[in-house]
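Enquirer: Sharing a structure here in structure tokens format.
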Amino acid sequence: MLDYPTFGFDQVDFVTSDTHFSHARISELAGRPYATVDEMNDDLVRRWNDTVPPGSIVLHLGDVALGPIEESIALTAQLNGRRLLVPGNHDRVSPATQSKRAIERFLPVYEAAGWEILPEVIEGTRHGYRIIASHYPYGGDSQEQDRHTSHRPRWDDGIPLLHGHTHARDHGPSGHQFHVGVDAHDFAPIPFRVIDTWIQSLPGIETRLQTAIREAREVVADLDDTPWPAMDHMFYMQAYDVLHMHLEELLEALEQGRDARTA
């Protein structure tokens with residue numbers, strides 16, 4: 001079963017994070033090549049709109065803007081595409097750093113600029129492959145110690161994770177993680193086909209359906225290998241529950257595959 005709110009990654013055309021519009025110190029902190037905030041804002045808008053056609057869908061993994069938030073968020077209304085935001089720690093709609101009251105106050109500001117706010121961690125499939133997306137990586141930070149650990153995805157168990165937060169400049173993929181922040185990608189959103197190629201290159205990667213079939217077969221094999229006289233009622237019921245769960249996963253994966261083919 002999926003562990004986080006479900007999201008359909010098949011709809012997404014581009015992914016990005018950590019634009020930090022109007023952040024006065026981000027060029028200094030992240031080594032960006034801008035002399036002023038206005039220069040950075042103008043260049044980020046230009047690169048975004050040169051990359052993203054108006055009808056596209058962009059998944060932004062947090063830290064859209066800082067500075068006077070009403071002004072900095074308002075300028076993002078210039079950005080092309082339908083824009084979906086997974087909140088980062090610097091966003092005023094982040095459960096990791098903002099109170100419920102603050103989120104309720106600032107949510108209309110983001111929505112007025114065209115942002116659709118998603119949960120902190122989302123999970124789904126693209127072309128049948130499972131993906132998790134969050135502002136935060138499984139592990140790693142722009143500082144020495146990992147922050148906001150209770151708001152990060154659970155441990156790395158092999159599911160590809162898209163993330164921002166680190167401001168790393170020298171890579172996108174690292175193991176099962178892919179850093180999508182603008183500092184690593186020429187200050188522009190990434191076409192999702194780049195992510196597709198990366199996922200399919202991972203050793204041992206399976207589609208959700210392949211995983212469900214394998215795990216269901218393992219449960220059946222354990223049942224077959226257990227002698228009936230030694231199989232007490234409690235063991236049998238536990239095995240049945242696990243098998244039932246995997247059968248539901250199989251059916252859901254099959255339905256998602258059918259829906260993707262007919263979309």
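By convention in this document, the chains of the structure tokens carry letters A, B, ... by their order, each chain's residues are numbered from 1, and ligands are numbered from 1 in the order they are shown.
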Among segment 62-258 of chain A, which residues does DSSP mark as strand (DSSP E or B) when it is run on the backbone? Keep the chain and numbering as in the structure and answer as a PyMOL selection string.
Expert: chain A and resi 65+82-85+115-117+121-126+129-134+161-163+173-174+177-179+181+190-191+207
Enquirer: Enumerate the residues of segment 8-239 of chain A with a DSSP assignment of helix (DSSP H, G or I), computed from the backbone, and present them as a PyMOL selection string.
Expert: chain A and resi 9-11+26-30+37-51+69-78+100-112+149-151+182-184+192-201+208-225+228-230+233-239
Enquirer: Can you list, as a CSV table (one decimal) with N, CA and C atoms, in the first residue's frame, every protein, DNA or RNA residue that comes within 9 Å of Asn89 of chain A when you count only C-alpha atoms, leaving out same-chain residues fewer than 2 positions away?
Expert:
```
chain,number,residue,atom,x,y,z
A,62,GLY,N,9.2,23.0,-3.1
A,62,GLY,CA,9.4,23.8,-1.9
A,62,GLY,C,10.4,24.9,-2.0
A,63,ASP,N,10.2,25.9,-1.1
A,63,ASP,CA,11.0,27.1,-0.9
A,63,ASP,C,10.9,28.0,-2.2
A,87,PRO,N,5.2,22.0,0.0
A,87,PRO,CA,5.8,23.0,0.8
A,87,PRO,C,7.2,22.6,1.3
A,91,ASP,N,8.6,28.0,3.1
A,91,ASP,CA,7.3,28.4,2.6
A,91,ASP,C,6.3,28.7,3.8
A,92,ARG,N,5.5,29.7,3.6
A,92,ARG,CA,4.6,30.2,4.7
A,92,ARG,C,3.4,29.2,4.8
A,93,VAL,N,3.4,28.2,4.0
A,93,VAL,CA,2.3,27.2,4.1
A,93,VAL,C,2.9,25.8,4.5
A,94,SER,N,4.1,25.8,5.2
A,94,SER,CA,4.8,24.6,5.6
A,94,SER,C,4.4,24.2,7.0
A,95,PRO,N,3.8,23.0,7.2
A,95,PRO,CA,3.5,22.4,8.5
A,95,PRO,C,4.8,22.2,9.3
A,96,ALA,N,6.0,22.2,8.7
A,96,ALA,CA,7.2,22.0,9.4
A,96,ALA,C,7.7,23.2,10.2
A,97,THR,N,7.3,24.4,9.7
A,97,THR,CA,7.8,25.6,10.3
A,97,THR,C,6.7,26.6,10.7
A,98,GLN,N,5.5,26.4,10.2
A,98,GLN,CA,4.4,27.4,10.4
A,98,GLN,C,3.3,26.9,11.3
A,135,HIS,N,10.1,18.1,-0.2
A,135,HIS,CA,11.1,19.1,-0.2
A,135,HIS,C,12.4,18.5,0.4
A,136,TYR,N,12.3,17.5,1.3
A,136,TYR,CA,13.4,17.0,2.0
A,136,TYR,C,13.9,15.7,1.5
A,148,HIS,N,14.3,19.2,10.5
A,148,HIS,CA,12.9,18.8,10.1
A,148,HIS,C,12.8,17.3,9.9
A,165,HIS,N,15.9,21.2,-1.1
A,165,HIS,CA,16.4,21.5,0.2
A,165,HIS,C,18.0,21.6,0.4
```
Enquirer: What's around segment 53-55 of chain A at 7 Å? Count only C-alpha atoms, leave out sequence neighbours fewer than 3 positions away in its own chain, and write the answer as number ranges by chain.
Expert: A: 49, 80-81
Enquirer: Tell me which protein, DNA and RNA residues are within 6 Å of segment 171-184 of chain A, counting only C-alpha atoms, leaving out same-chain ones fewer than 5 positions away, and put them as a list in words.
Expert: Thr16, Ser17, Asp18, Pro160, Leu161, Leu162, His163 and Gly164 of chain A
Enquirer: If you keep all heavy atoms, can you produce a file of those selected residues as a PDB file, in the first residue's frame?
Expert:
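Result saved to out.pdb:
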```pdb
ATOM      1  N   THR A  16      10.912  21.034 -10.126  1.00  0.00           N
ATOM      2  CA  THR A  16      11.944  21.969  -9.683  1.00  0.00           C
ATOM      3  C   THR A  16      11.801  22.192  -8.185  1.00  0.00           C
ATOM      4  O   THR A  16      10.874  21.670  -7.546  1.00  0.00           O
ATOM      5  CB  THR A  16      11.844  23.304 -10.443  1.00  0.00           C
ATOM      6  OG1 THR A  16      12.999  24.098 -10.186  1.00  0.00           O
ATOM      7  CG2 THR A  16      10.591  24.076 -10.052  1.00  0.00           C
ATOM      8  N   SER A  17      12.701  22.975  -7.611  1.00  0.00           N
ATOM      9  CA  SER A  17      12.560  23.388  -6.210  1.00  0.00           C
ATOM     10  C   SER A  17      13.552  24.508  -5.910  1.00  0.00           C
ATOM     11  O   SER A  17      14.465  24.793  -6.690  1.00  0.00           O
ATOM     12  CB  SER A  17      12.796  22.215  -5.244  1.00  0.00           C
ATOM     13  OG  SER A  17      14.175  21.923  -5.128  1.00  0.00           O
ATOM     14  N   ASP A  18      13.344  25.119  -4.735  1.00  0.00           N
ATOM     15  CA  ASP A  18      14.303  26.064  -4.144  1.00  0.00           C
ATOM     16  C   ASP A  18      14.616  27.264  -5.036  1.00  0.00           C
ATOM     17  O   ASP A  18      15.779  27.667  -5.151  1.00  0.00           O
ATOM     18  CB  ASP A  18      15.591  25.336  -3.755  1.00  0.00           C
ATOM     19  CG  ASP A  18      15.348  24.296  -2.681  1.00  0.00           C
ATOM     20  OD1 ASP A  18      15.279  24.674  -1.496  1.00  0.00           O
ATOM     21  OD2 ASP A  18      15.216  23.103  -3.028  1.00  0.00           O
ATOM     22  N   PRO A 160      12.364   5.522  -5.485  1.00  0.00           N
ATOM     23  CA  PRO A 160      12.988   6.774  -5.933  1.00  0.00           C
ATOM     24  C   PRO A 160      12.318   7.985  -5.290  1.00  0.00           C
ATOM     25  O   PRO A 160      11.087   8.085  -5.245  1.00  0.00           O
ATOM     26  CB  PRO A 160      12.763   6.750  -7.445  1.00  0.00           C
ATOM     27  CG  PRO A 160      12.623   5.303  -7.786  1.00  0.00           C
ATOM     28  CD  PRO A 160      11.920   4.689  -6.625  1.00  0.00           C
ATOM     29  N   LEU A 161      13.146   8.900  -4.788  1.00  0.00           N
ATOM     30  CA  LEU A 161      12.673  10.107  -4.112  1.00  0.00           C
ATOM     31  C   LEU A 161      13.163  11.347  -4.850  1.00  0.00           C
ATOM     32  O   LEU A 161      14.365  11.492  -5.099  1.00  0.00           O
ATOM     33  CB  LEU A 161      13.191  10.150  -2.679  1.00  0.00           C
ATOM     34  CG  LEU A 161      13.003  11.477  -1.926  1.00  0.00           C
ATOM     35  CD1 LEU A 161      11.524  11.747  -1.668  1.00  0.00           C
ATOM     36  CD2 LEU A 161      13.786  11.474  -0.618  1.00  0.00           C
ATOM     37  N   LEU A 162      12.249  12.247  -5.185  1.00  0.00           N
ATOM     38  CA  LEU A 162      12.595  13.560  -5.732  1.00  0.00           C
ATOM     39  C   LEU A 162      12.568  14.561  -4.587  1.00  0.00           C
ATOM     40  O   LEU A 162      11.624  14.574  -3.789  1.00  0.00           O
ATOM     41  CB  LEU A 162      11.593  13.971  -6.812  1.00  0.00           C
ATOM     42  CG  LEU A 162      11.306  12.954  -7.907  1.00  0.00           C
ATOM     43  CD1 LEU A 162      10.336  13.546  -8.928  1.00  0.00           C
ATOM     44  CD2 LEU A 162      12.587  12.497  -8.579  1.00  0.00           C
ATOM     45  N   HIS A 163      13.586  15.427  -4.519  1.00  0.00           N
ATOM     46  CA  HIS A 163      13.682  16.337  -3.378  1.00  0.00           C
ATOM     47  C   HIS A 163      14.424  17.616  -3.757  1.00  0.00           C
ATOM     48  O   HIS A 163      15.064  17.713  -4.805  1.00  0.00           O
ATOM     49  CB  HIS A 163      14.403  15.659  -2.209  1.00  0.00           C
ATOM     50  CG  HIS A 163      15.884  15.480  -2.450  1.00  0.00           C
ATOM     51  ND1 HIS A 163      16.822  16.421  -2.093  1.00  0.00           N
ATOM     52  CD2 HIS A 163      16.587  14.471  -3.040  1.00  0.00           C
ATOM     53  CE1 HIS A 163      18.027  16.006  -2.431  1.00  0.00           C
ATOM     54  NE2 HIS A 163      17.915  14.820  -3.015  1.00  0.00           N
ATOM     55  N   GLY A 164      14.350  18.580  -2.852  1.00  0.00           N
ATOM     56  CA  GLY A 164      15.132  19.815  -2.946  1.00  0.00           C
ATOM     57  C   GLY A 164      15.943  19.970  -1.679  1.00  0.00           C
ATOM     58  O   GLY A 164      16.597  19.041  -1.218  1.00  0.00           O
TER      59      GLY A 164
END
```
Enquirer: Calculated over only C-alpha atoms, which of the candidates A:Ala188, A:Ile117, A:Ile26, A:Leu75 has the smallest distance to Val52 of chain A?
Expert: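 Selected residue with least distance to Val52 of chain A: A:Ala188.
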Enquirer: Between A:His90, A:His23, A:Arg130, A:Arg82, which has the minimum distance to Phe9 of chain A (counting only C-alpha atoms)?
Expert: A:Arg130
Enquirer: Atom CA of Glu252 of chain A and atom CA of Ile122 of chain A are how many Å apart?
Expert: 17.2 Å
Enquirer: Do a neighbour search on Ile199 of chain A at 9 Å with only C-alpha atoms, toss out local chain neighbours closer than 4 positions, and write the hits as a ChimeraX atom specification.
Expert: /A:129,131,160,176,194-195,205
Enquirer: Would you put the residues from that selection into a file with C-alpha atoms, as a CSV table (one decimal), in the first residue's frame?
Expert:
```
chain,number,residue,atom,x,y,z
A,129,TYR,CA,7.1,3.1,-11.3
A,131,ILE,CA,7.9,7.7,-6.8
A,160,PRO,CA,13.0,6.8,-5.9
A,176,HIS,CA,17.7,6.5,-4.8
A,194,VAL,CA,15.0,13.3,-17.3
A,195,ILE,CA,13.6,11.8,-14.2
A,205,ILE,CA,14.0,-1.1,-10.1
```
Enquirer: Quote the spacing between atom CA of Gly124 of chain A and atom CA of Asp196 of chain A in Å to one decimal place.
Expert: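 Pair atom CA of Gly124 of chain A / atom CA of Asp196 of chain A returns 13.7 Å.
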